[in-house]
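**Q** Contents are PDB, C-alpha atoms; file name entry_26.pdb:
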ATOM      1  CA  MET A  30       9.583   7.207 -71.918
ATOM      2  CA  ASN A  31      10.669   6.788 -68.330
ATOM      3  CA  LYS A  32      11.063   9.707 -65.975
ATOM      4  CA  HIS A  33      14.843   9.578 -65.809
ATOM      5  CA  ILE A  34      15.249   9.686 -69.607
ATOM      6  CA  LYS A  35      12.806  12.583 -69.780
ATOM      7  CA  GLN A  36      14.799  14.469 -67.149
ATOM      8  CA  ILE A  37      18.123  13.882 -68.954
ATOM      9  CA  ASN A  38      16.617  14.986 -72.284
ATOM     10  CA  THR A  39      15.280  18.177 -70.703
ATOM     11  CA  LEU A  40      18.631  18.951 -69.067
ATOM     12  CA  TRP A  41      20.435  18.444 -72.374
ATOM     13  CA  ILE A  42      18.094  20.960 -74.056
ATOM     14  CA  MET A  43      18.691  23.399 -71.187
ATOM     15  CA  LEU A  44      22.462  23.081 -71.662
ATOM     16  CA  ILE A  45      22.102  23.784 -75.389
ATOM     17  CA  VAL A  46      19.883  26.829 -74.786
ATOM     18  CA  LEU A  47      22.262  28.215 -72.139
ATOM     19  CA  THR A  48      25.219  27.806 -74.527
ATOM     20  CA  LEU A  49      23.419  29.579 -77.387
ATOM     21  CA  PHE A  50      22.480  32.312 -74.943
ATOM     22  CA  SER A  51      26.098  32.895 -73.889
ATOM     23  CA  ALA A  52      27.255  32.851 -77.530
ATOM     24  CA  TYR A  53      24.615  35.478 -78.279
ATOM     25  CA  MET A  54      25.867  37.540 -75.334
ATOM     26  CA  ALA A  55      29.421  37.236 -76.662
ATOM     27  CA  GLU A  56      28.382  38.720 -79.985
ATOM     28  CA  LYS A  57      25.745  41.270 -79.005
ATOM     29  CA  ALA A  58      25.921  42.363 -75.380
ATOM     30  CA  THR A  59      27.950  45.376 -74.407
ATOM     31  CA  PRO A  60      30.668  44.204 -72.049
ATOM     32  CA  GLY A  61      29.896  45.209 -68.482
ATOM     33  CA  LEU A  62      29.295  43.803 -65.021
ATOM     34  CA  ASN A  63      25.793  42.609 -65.945
ATOM     35  CA  SER A  64      26.887  40.544 -68.923
ATOM     36  CA  ILE A  65      29.920  39.162 -67.045
ATOM     37  CA  ALA A  66      27.703  38.177 -64.099
ATOM     38  CA  ILE A  67      25.221  36.471 -66.424
ATOM     39  CA  MET A  68      28.006  34.512 -68.153
ATOM     40  CA  ALA A  69      29.417  33.453 -64.786
ATOM     41  CA  LEU A  70      25.946  32.343 -63.697
ATOM     42  CA  VAL A  71      25.445  30.377 -66.935
ATOM     43  CA  LEU A  72      28.753  28.562 -66.314
ATOM     44  CA  ALA A  73      27.735  27.796 -62.716
ATOM     45  CA  ILE A  74      24.380  26.349 -63.839
ATOM     46  CA  LYS A  75      25.878  24.262 -66.662
ATOM     47  CA  GLY A  76      28.595  22.885 -64.387
ATOM     48  CA  ARG A  77      26.079  21.989 -61.693
ATOM     49  CA  ILE A  78      23.796  20.169 -64.163
ATOM     50  CA  ILE A  79      26.683  18.041 -65.442
ATOM     51  CA  VAL A  80      28.101  17.325 -61.978
ATOM     52  CA  ASP A  81      24.759  16.469 -60.355
ATOM     53  CA  TYR A  82      22.889  14.715 -63.148
ATOM     54  CA  PHE A  83      25.281  13.614 -65.918
ATOM     55  CA  MET A  84      28.023  12.451 -63.527
ATOM     56  CA  GLU A  85      25.299  11.398 -61.055
ATOM     57  CA  LEU A  86      27.064  12.884 -58.058
ATOM     58  CA  LYS A  87      23.901  14.388 -56.566
ATOM     59  CA  HIS A  88      23.477  11.458 -54.194
ATOM     60  CA  ALA A  89      27.039  10.149 -54.215
ATOM     61  CA  ASN A  90      29.955  10.493 -51.814
ATOM     62  CA  VAL A  91      29.857  13.892 -50.144
ATOM     63  CA  VAL A  92      33.601  14.631 -50.492
ATOM     64  CA  VAL A  93      33.758  14.051 -54.235
ATOM     65  CA  ARG A  94      30.411  15.770 -54.774
ATOM     66  CA  THR A  95      31.432  18.843 -52.776
ATOM     67  CA  LEU A  96      34.819  19.165 -54.513
ATOM     68  CA  MET A  97      33.171  19.011 -57.919
ATOM     69  CA  GLN A  98      30.363  21.397 -56.987
ATOM     70  CA  VAL A  99      32.732  23.924 -55.367
ATOM     71  CA  TYR A 100      34.705  24.113 -58.634
ATOM     72  CA  PHE A 101      31.660  25.661 -60.272
ATOM     73  CA  TYR A 102      31.275  28.245 -57.527
ATOM     74  CA  VAL A 103      34.958  29.206 -57.488
ATOM     75  CA  ILE A 104      35.551  29.678 -61.226
ATOM     76  CA  PRO A 105      32.409  31.842 -61.758
ATOM     77  CA  ALA A 106      33.374  33.855 -58.650
ATOM     78  CA  LEU A 107      36.892  34.370 -60.035
ATOM     79  CA  ILE A 108      35.422  35.573 -63.343
ATOM     80  CA  ILE A 109      33.506  38.301 -61.495
ATOM     81  CA  LEU A 110      36.365  39.205 -59.111
ATOM     82  CA  VAL A 111      38.861  39.500 -61.978
ATOM     83  CA  TYR A 112      36.417  41.797 -63.770
ATOM     84  CA  LEU A 113      35.786  43.968 -60.690
ATOM     85  CA  PHE A 114      39.309  44.209 -59.225
ATOM     86  CA  PRO A 115      41.855  43.615 -62.001
ATOM     87  CA  GLU A 116      44.411  46.121 -60.694
ATOM     88  CA  GLN A 117      44.309  44.855 -57.138
ATOM     89  CA  ILE A 118      44.718  41.251 -58.295
ATOM     90  CA  ALA A 119      47.537  42.291 -60.641
ATOM     91  CA  LYS A 120      49.307  43.897 -57.687
ATOM     92  CA  TRP A 121      48.958  40.723 -55.603
ATOM     93  CA  THR A 122      50.220  38.501 -58.393
ATOM     94  CA  ALA A 123      53.133  40.647 -59.547
ATOM     95  CA  LEU A 124      56.567  39.093 -59.197
TER      96      LEU A 124
ATOM     97  CA  MET B   5       0.304  -5.032 -53.264
ATOM     98  CA  ASN B   6       3.208  -2.802 -52.514
ATOM     99  CA  GLU B   7       6.185  -3.209 -54.729
ATOM    100  CA  ILE B   8       9.269  -4.360 -52.896
ATOM    101  CA  ALA B   9      12.572  -3.180 -54.254
ATOM    102  CA  ASP B  10      14.724  -6.017 -55.517
ATOM    103  CA  PRO B  11      17.924  -5.877 -53.413
ATOM    104  CA  ALA B  12      19.940  -7.170 -56.381
ATOM    105  CA  ASP B  13      18.764  -4.315 -58.553
ATOM    106  CA  LYS B  14      21.684  -1.937 -58.638
ATOM    107  CA  SER B  15      20.519  -0.316 -61.820
ATOM    108  CA  LEU B  16      19.819   3.050 -60.287
ATOM    109  CA  SER B  17      22.644   3.155 -57.820
ATOM    110  CA  PHE B  18      26.313   2.323 -57.850
ATOM    111  CA  SER B  19      26.096  -0.243 -55.100
ATOM    112  CA  THR B  20      25.492   2.285 -52.358
ATOM    113  CA  PRO B  21      23.384   0.947 -49.538
ATOM    114  CA  ALA B  22      20.402   3.173 -48.887
ATOM    115  CA  LYS B  23      21.337   3.559 -45.228
ATOM    116  CA  ALA B  24      24.911   4.663 -45.876
ATOM    117  CA  ASN B  25      25.641   8.206 -44.802
ATOM    118  CA  SER B  26      26.979  10.545 -47.435
ATOM    119  CA  LEU B  27      30.609  10.035 -46.351
ATOM    120  CA  THR B  28      30.631   6.300 -46.830
ATOM    121  CA  LYS B  29      28.602   6.465 -50.026
ATOM    122  CA  GLY B  30      30.282   5.316 -53.175
ATOM    123  CA  VAL B  31      30.965   7.098 -56.421
ATOM    124  CA  PRO B  32      29.777   6.333 -59.951
ATOM    125  CA  GLY B  33      32.513   4.118 -61.417
ATOM    126  CA  ASN B  34      35.455   3.293 -59.167
ATOM    127  CA  TRP B  35      37.657   5.381 -56.880
ATOM    128  CA  ALA B  36      40.664   5.190 -59.191
ATOM    129  CA  ILE B  37      38.876   7.053 -61.963
ATOM    130  CA  TRP B  38      37.811   9.738 -59.478
ATOM    131  CA  ALA B  39      41.420  10.191 -58.368
ATOM    132  CA  ALA B  40      42.258  10.715 -62.061
ATOM    133  CA  ILE B  41      39.311  13.093 -62.581
ATOM    134  CA  LEU B  42      40.208  15.214 -59.537
ATOM    135  CA  ALA B  43      43.846  15.340 -60.700
ATOM    136  CA  GLU B  44      42.758  16.440 -64.176
ATOM    137  CA  MET B  45      40.338  19.029 -62.796
ATOM    138  CA  SER B  46      43.240  20.392 -60.712
ATOM    139  CA  GLU B  47      45.455  20.515 -63.812
ATOM    140  CA  PHE B  48      42.804  22.526 -65.664
ATOM    141  CA  ALA B  49      42.314  24.707 -62.563
ATOM    142  CA  ILE B  50      46.014  25.641 -62.699
ATOM    143  CA  MET B  51      45.584  26.630 -66.350
ATOM    144  CA  PHE B  52      42.525  28.733 -65.454
ATOM    145  CA  ILE B  53      44.493  30.478 -62.694
ATOM    146  CA  VAL B  54      47.268  31.217 -65.210
ATOM    147  CA  TYR B  55      44.567  32.649 -67.508
ATOM    148  CA  PHE B  56      43.183  34.914 -64.746
ATOM    149  CA  ILE B  57      46.639  36.148 -63.726
ATOM    150  CA  ALA B  58      47.691  36.795 -67.338
ATOM    151  CA  LYS B  59      44.367  38.582 -67.912
ATOM    152  CA  VAL B  60      44.785  41.083 -65.062
ATOM    153  CA  HIS B  61      48.348  41.825 -66.182
ATOM    154  CA  HIS B  62      47.448  42.240 -69.877
ATOM    155  CA  PRO B  63      43.834  43.494 -69.880
ATOM    156  CA  ASP B  64      44.006  44.978 -73.394
ATOM    157  CA  LEU B  65      45.301  41.790 -75.020
ATOM    158  CA  PHE B  66      42.672  39.715 -73.200
ATOM    159  CA  ASN B  67      39.870  42.089 -74.192
ATOM    160  CA  GLU B  68      40.867  42.051 -77.821
ATOM    161  CA  GLY B  69      41.912  38.379 -78.041
ATOM    162  CA  PRO B  70      38.468  36.688 -77.998
ATOM    163  CA  THR B  71      37.097  39.090 -80.625
ATOM    164  CA  ARG B  72      39.557  37.689 -83.194
ATOM    165  CA  LEU B  73      38.734  34.032 -82.439
ATOM    166  CA  ASN B  74      36.151  32.052 -84.357
ATOM    167  CA  THR B  75      33.093  32.226 -82.049
ATOM    168  CA  LEU B  76      31.149  29.912 -84.379
ATOM    169  CA  ALA B  77      33.792  27.165 -84.041
ATOM    170  CA  GLY B  78      33.896  27.601 -80.249
ATOM    171  CA  THR B  79      30.108  27.559 -79.931
ATOM    172  CA  SER B  80      29.717  24.546 -82.252
ATOM    173  CA  ASN B  81      32.269  22.597 -80.264
ATOM    174  CA  THR B  82      30.489  23.476 -77.013
ATOM    175  CA  LEU B  83      27.196  22.166 -78.416
ATOM    176  CA  ILE B  84      28.990  19.036 -79.663
ATOM    177  CA  MET B  85      30.699  18.360 -76.308
ATOM    178  CA  LEU B  86      27.420  18.779 -74.393
ATOM    179  CA  THR B  87      25.615  16.507 -76.850
ATOM    180  CA  SER B  88      28.329  13.844 -76.637
ATOM    181  CA  SER B  89      27.979  13.906 -72.842
ATOM    182  CA  PHE B  90      24.224  13.498 -73.245
ATOM    183  CA  PHE B  91      24.826  10.459 -75.516
ATOM    184  CA  VAL B  92      27.083   8.946 -72.855
ATOM    185  CA  VAL B  93      24.392   9.390 -70.179
ATOM    186  CA  ARG B  94      21.891   7.676 -72.484
ATOM    187  CA  ALA B  95      24.381   4.811 -73.022
ATOM    188  CA  VAL B  96      24.599   4.314 -69.238
ATOM    189  CA  ILE B  97      20.796   4.334 -68.968
ATOM    190  CA  ALA B  98      20.574   1.788 -71.819
ATOM    191  CA  ILE B  99      22.950  -0.692 -70.171
ATOM    192  CA  ARG B 100      20.945  -0.391 -66.938
ATOM    193  CA  GLU B 101      17.898  -1.320 -68.962
ATOM    194  CA  ASN B 102      19.824  -4.402 -70.077
ATOM    195  CA  ASN B 103      20.099  -3.133 -73.642
ATOM    196  CA  PRO B 104      23.774  -3.330 -74.673
ATOM    197  CA  ALA B 105      22.925  -2.809 -78.361
ATOM    198  CA  ALA B 106      21.297   0.554 -77.628
ATOM    199  CA  SER B 107      24.124   1.431 -75.248
ATOM    200  CA  SER B 108      26.621   0.758 -78.024
ATOM    201  CA  ARG B 109      24.679   2.977 -80.460
ATOM    202  CA  TRP B 110      24.636   5.872 -77.982
ATOM    203  CA  LEU B 111      28.367   5.455 -77.423
ATOM    204  CA  TRP B 112      29.010   5.548 -81.171
ATOM    205  CA  GLY B 113      27.132   8.839 -81.156
ATOM    206  CA  ALA B 114      29.618  10.114 -78.575
ATOM    207  CA  VAL B 115      32.605   8.886 -80.621
ATOM    208  CA  VAL B 116      31.298  10.598 -83.762
ATOM    209  CA  SER B 117      30.778  13.786 -81.716
ATOM    210  CA  GLY B 118      34.325  13.540 -80.382
ATOM    211  CA  ALA B 119      35.688  13.102 -83.920
ATOM    212  CA  LEU B 120      33.622  16.040 -85.152
ATOM    213  CA  TYR B 121      34.987  18.162 -82.319
ATOM    214  CA  LEU B 122      38.565  17.288 -83.340
ATOM    215  CA  VAL B 123      37.869  18.108 -87.004
ATOM    216  CA  ILE B 124      36.315  21.483 -86.112
ATOM    217  CA  LYS B 125      39.234  22.279 -83.811
ATOM    218  CA  TYR B 126      41.680  21.378 -86.588
ATOM    219  CA  PHE B 127      39.956  23.751 -89.019
ATOM    220  CA  GLU B 128      39.735  26.407 -86.306
ATOM    221  CA  TYR B 129      43.521  26.230 -85.831
ATOM    222  CA  GLN B 130      43.952  26.478 -89.628
ATOM    223  CA  TRP B 131      41.598  29.477 -89.694
ATOM    224  CA  ASN B 132      43.579  31.120 -86.872
ATOM    225  CA  SER B 133      46.846  30.608 -88.753
ATOM    226  CA  ALA B 134      45.345  32.228 -91.841
ATOM    227  CA  GLN B 135      44.448  35.250 -89.651
ATOM    228  CA  GLY B 136      48.013  35.333 -88.367
ATOM    229  CA  LEU B 137      47.074  34.077 -84.889
ATOM    230  CA  GLU B 138      49.886  31.885 -83.599
ATOM    231  CA  THR B 139      51.213  30.861 -80.201
ATOM    232  CA  GLU B 140      53.763  33.702 -80.370
ATOM    233  CA  THR B 141      51.243  36.388 -81.413
ATOM    234  CA  ASN B 142      50.729  37.494 -77.809
ATOM    235  CA  ILE B 143      50.127  36.064 -74.350
ATOM    236  CA  PHE B 144      46.372  35.664 -74.910
ATOM    237  CA  TYR B 145      46.959  33.310 -77.846
ATOM    238  CA  ALA B 146      49.748  31.516 -75.989
ATOM    239  CA  VAL B 147      47.237  30.750 -73.195
ATOM    240  CA  TYR B 148      44.527  29.931 -75.760
ATOM    241  CA  TYR B 149      46.725  27.409 -77.618
ATOM    242  CA  TYR B 150      48.124  25.866 -74.452
ATOM    243  CA  VAL B 151      44.686  25.307 -72.896
ATOM    244  CA  THR B 152      42.763  24.314 -76.026
ATOM    245  CA  PHE B 153      45.449  21.963 -77.372
ATOM    246  CA  ASN B 154      45.622  20.277 -73.987
ATOM    247  CA  HIS B 155      41.853  19.835 -74.122
ATOM    248  CA  PHE B 156      42.086  18.634 -77.749
ATOM    249  CA  LEU B 157      44.347  15.778 -76.584
ATOM    250  CA  HIS B 158      41.843  14.837 -73.867
ATOM    251  CA  VAL B 159      39.036  14.620 -76.426
ATOM    252  CA  GLY B 160      41.303  12.415 -78.578
ATOM    253  CA  TRP B 161      42.142   9.850 -75.929
ATOM    254  CA  GLY B 162      38.669  10.106 -74.364
ATOM    255  CA  SER B 163      37.147   9.137 -77.727
ATOM    256  CA  ALA B 164      39.614   6.233 -77.996
ATOM    257  CA  ALA B 165      38.558   5.084 -74.505
ATOM    258  CA  ILE B 166      34.901   5.113 -75.611
ATOM    259  CA  VAL B 167      35.790   2.965 -78.657
ATOM    260  CA  TRP B 168      37.445   0.505 -76.254
ATOM    261  CA  VAL B 169      34.278   0.436 -74.109
ATOM    262  CA  ILE B 170      32.153  -0.221 -77.215
ATOM    263  CA  TYR B 171      34.431  -3.157 -78.075
ATOM    264  CA  ARG B 172      34.047  -4.519 -74.526
ATOM    265  CA  LEU B 173      30.284  -3.929 -74.667
ATOM    266  CA  ASN B 174      30.047  -5.899 -77.903
ATOM    267  CA  THR B 175      31.906  -8.836 -76.348
ATOM    268  CA  GLY B 176      29.077  -8.987 -73.793
ATOM    269  CA  ILE B 177      31.257  -8.173 -70.823
ATOM    270  CA  TYR B 178      29.001  -5.427 -69.458
ATOM    271  CA  THR B 179      25.624  -6.298 -68.016
ATOM    272  CA  LYS B 180      22.831  -4.505 -66.235
ATOM    273  CA  GLU B 181      24.423  -5.492 -62.917
ATOM    274  CA  GLU B 182      28.113  -5.027 -63.753
ATOM    275  CA  HIS B 183      29.278  -2.193 -65.996
ATOM    276  CA  GLU B 184      31.826  -0.359 -63.903
ATOM    277  CA  GLY B 185      34.257   0.014 -66.833
ATOM    278  CA  LEU B 186      31.590   1.775 -68.870
ATOM    279  CA  LEU B 187      30.762   4.080 -65.929
ATOM    280  CA  ASN B 188      34.446   4.959 -65.479
ATOM    281  CA  VAL B 189      34.763   6.109 -69.063
ATOM    282  CA  ALA B 190      31.388   7.878 -68.840
ATOM    283  CA  VAL B 191      32.376  10.037 -65.846
ATOM    284  CA  TYR B 192      35.814  10.677 -67.374
ATOM    285  CA  TRP B 193      34.134  11.917 -70.542
ATOM    286  CA  HIS B 194      31.894  14.248 -68.515
ATOM    287  CA  MET B 195      35.061  15.679 -66.930
ATOM    288  CA  ILE B 196      36.355  16.519 -70.427
ATOM    289  CA  ASP B 197      33.002  18.204 -71.098
ATOM    290  CA  LEU B 198      33.232  20.181 -67.831
ATOM    291  CA  ALA B 199      36.706  21.432 -68.772
ATOM    292  CA  TRP B 200      35.404  22.622 -72.140
ATOM    293  CA  ILE B 201      32.326  24.434 -70.786
ATOM    294  CA  THR B 202      34.748  26.392 -68.577
ATOM    295  CA  ILE B 203      37.237  27.079 -71.389
ATOM    296  CA  PHE B 204      34.492  28.335 -73.723
ATOM    297  CA  PRO B 205      33.405  31.428 -71.729
ATOM    298  CA  LEU B 206      36.960  32.229 -70.595
ATOM    299  CA  LEU B 207      38.553  32.239 -74.039
ATOM    300  CA  TYR B 208      35.709  32.944 -76.476
ATOM    301  CA  VAL B 209      33.038  34.875 -74.630
ATOM    302  CA  ILE B 210      34.389  37.103 -71.851
ATOM    303  CA  ARG B 211      36.123  40.238 -72.981
TER     304      ARG B 211
END
Mind turning this structure into structure tokens?

**A**
Amino acid sequence: MNKHIKQINTLWIMLIVLTLFSAYMAEKATPGLNSIAIMALVLAIKGRIIVDYFMELKHANVVVRTLMQVYFYVIPALIILVYLFPEQIAKWTAL
Amino acid sequence: MNEIADPADKSLSFSTPAKANSLTKGVPGNWAIWAAILAEMSEFAIMFIVYFIAKVHHPDLFNEGPTRLNTLAGTSNTLIMLTSSFFVVRAVIAIRENNPAASSRWLWGAVVSGALYLVIKYFEYQWNSAQGLETETNIFYAVYYYVTFNHFLHVGWGSAAIVWVIYRLNTGIYTKEEHEGLLNVAVYWHMIDLAWITIFPLLYVIR
């Protein structure tokens, strides 16, 4: 098996394990900052794997690559911010 | 003797000269599909922002909402989407190895995964209805149905696009050197996967 196929197979298994891990967290973990932070981190890692290796943007055009990578910093960050400061954000977004 | 790279071998790149700086580098597939992908990612981003705003204004509904959804259906569909994306990557690798038959088989794997996703989603919606969870139940379910049905449609037409690529592959139109159409659909499919891996924690996991 060539190296690239081996790498893709390994990444696929990692994605599966990370998903099962977050499903387990959903069912078992007590909600709190730790579990929210872990879920946000899992999303960031999964997004990065797909963007860099499945979409093959790791060595592609810097603008497209950066836009796609930033997405998976911003959404996980929003998950944590919304958990930490819900009232403040509600105040900012009230009509 | 040192091996000299064959300049005609574009199998591992997407016609990006090695010397190009990262700004002038190309993208996998063509630019048009990336305009579409960035537009779609922005569309989903707007939905995610709506989710976050609704969540801070209705914390109780958004804490309770995911607990009444079918976590098994959500998790299964996440595993299926990730696996279908993996199949698509393997199809791209196969065409680069000049093996259109294998590429076609991998793509069929992705189509079957897409169909399975749609079937599970259909039964999940039925299951929700039986539990009395409808679009009007509360704002959490309104957001849930709006986002997931939108994604459902993407999986539908994405799967149809893969069937079209398989048809083109079987006519012998894609080769090791030229398979841009296949790459376009491949990266588009990964975008659909990316949207789902974001939807999954937001709607099913975080409470």

**Q** Once the PyMOL selection byres ((chain A) within 6 of (chain B)) has been evaluated on this model, what residues remain selected, and can you format them as a list of chain:residue names?

**A** A:Ala55, A:Met84, A:Ala89, A:Asn90, A:Val91, A:Pro115, A:Ala119

**Q** Quick one: apply the PyMOL selection byres ((chain A and resi 96-106) around 8) to the file and drop the selected residues here as JSON, numbers by chain.

**A** {"A": [69, 70, 72, 73, 76, 77, 80, 92, 93, 94, 95, 107, 108, 109, 110]}

**Q** State, in Å with one decimal place, the distance from atom CA of Ser107 of chain B to atom CA of Phe153 of chain B.

**A** 29.7 Å

**Q** Report as a VMD selection string the full result of the PyMOL selection byres ((chain B and resi 167) around 12) when it is applied to this structure.

**A** chain B and resid 108 to 116 118 to 119 160 to 166 168 to 174 186 189 to 190

**Q** Given the choices A:Tyr82, A:His33, A:Met43, A:Asn63, which gets closest to Leu113 of chain A if the distance is worked out from all atoms listed in the file?

**A** A:Asn63
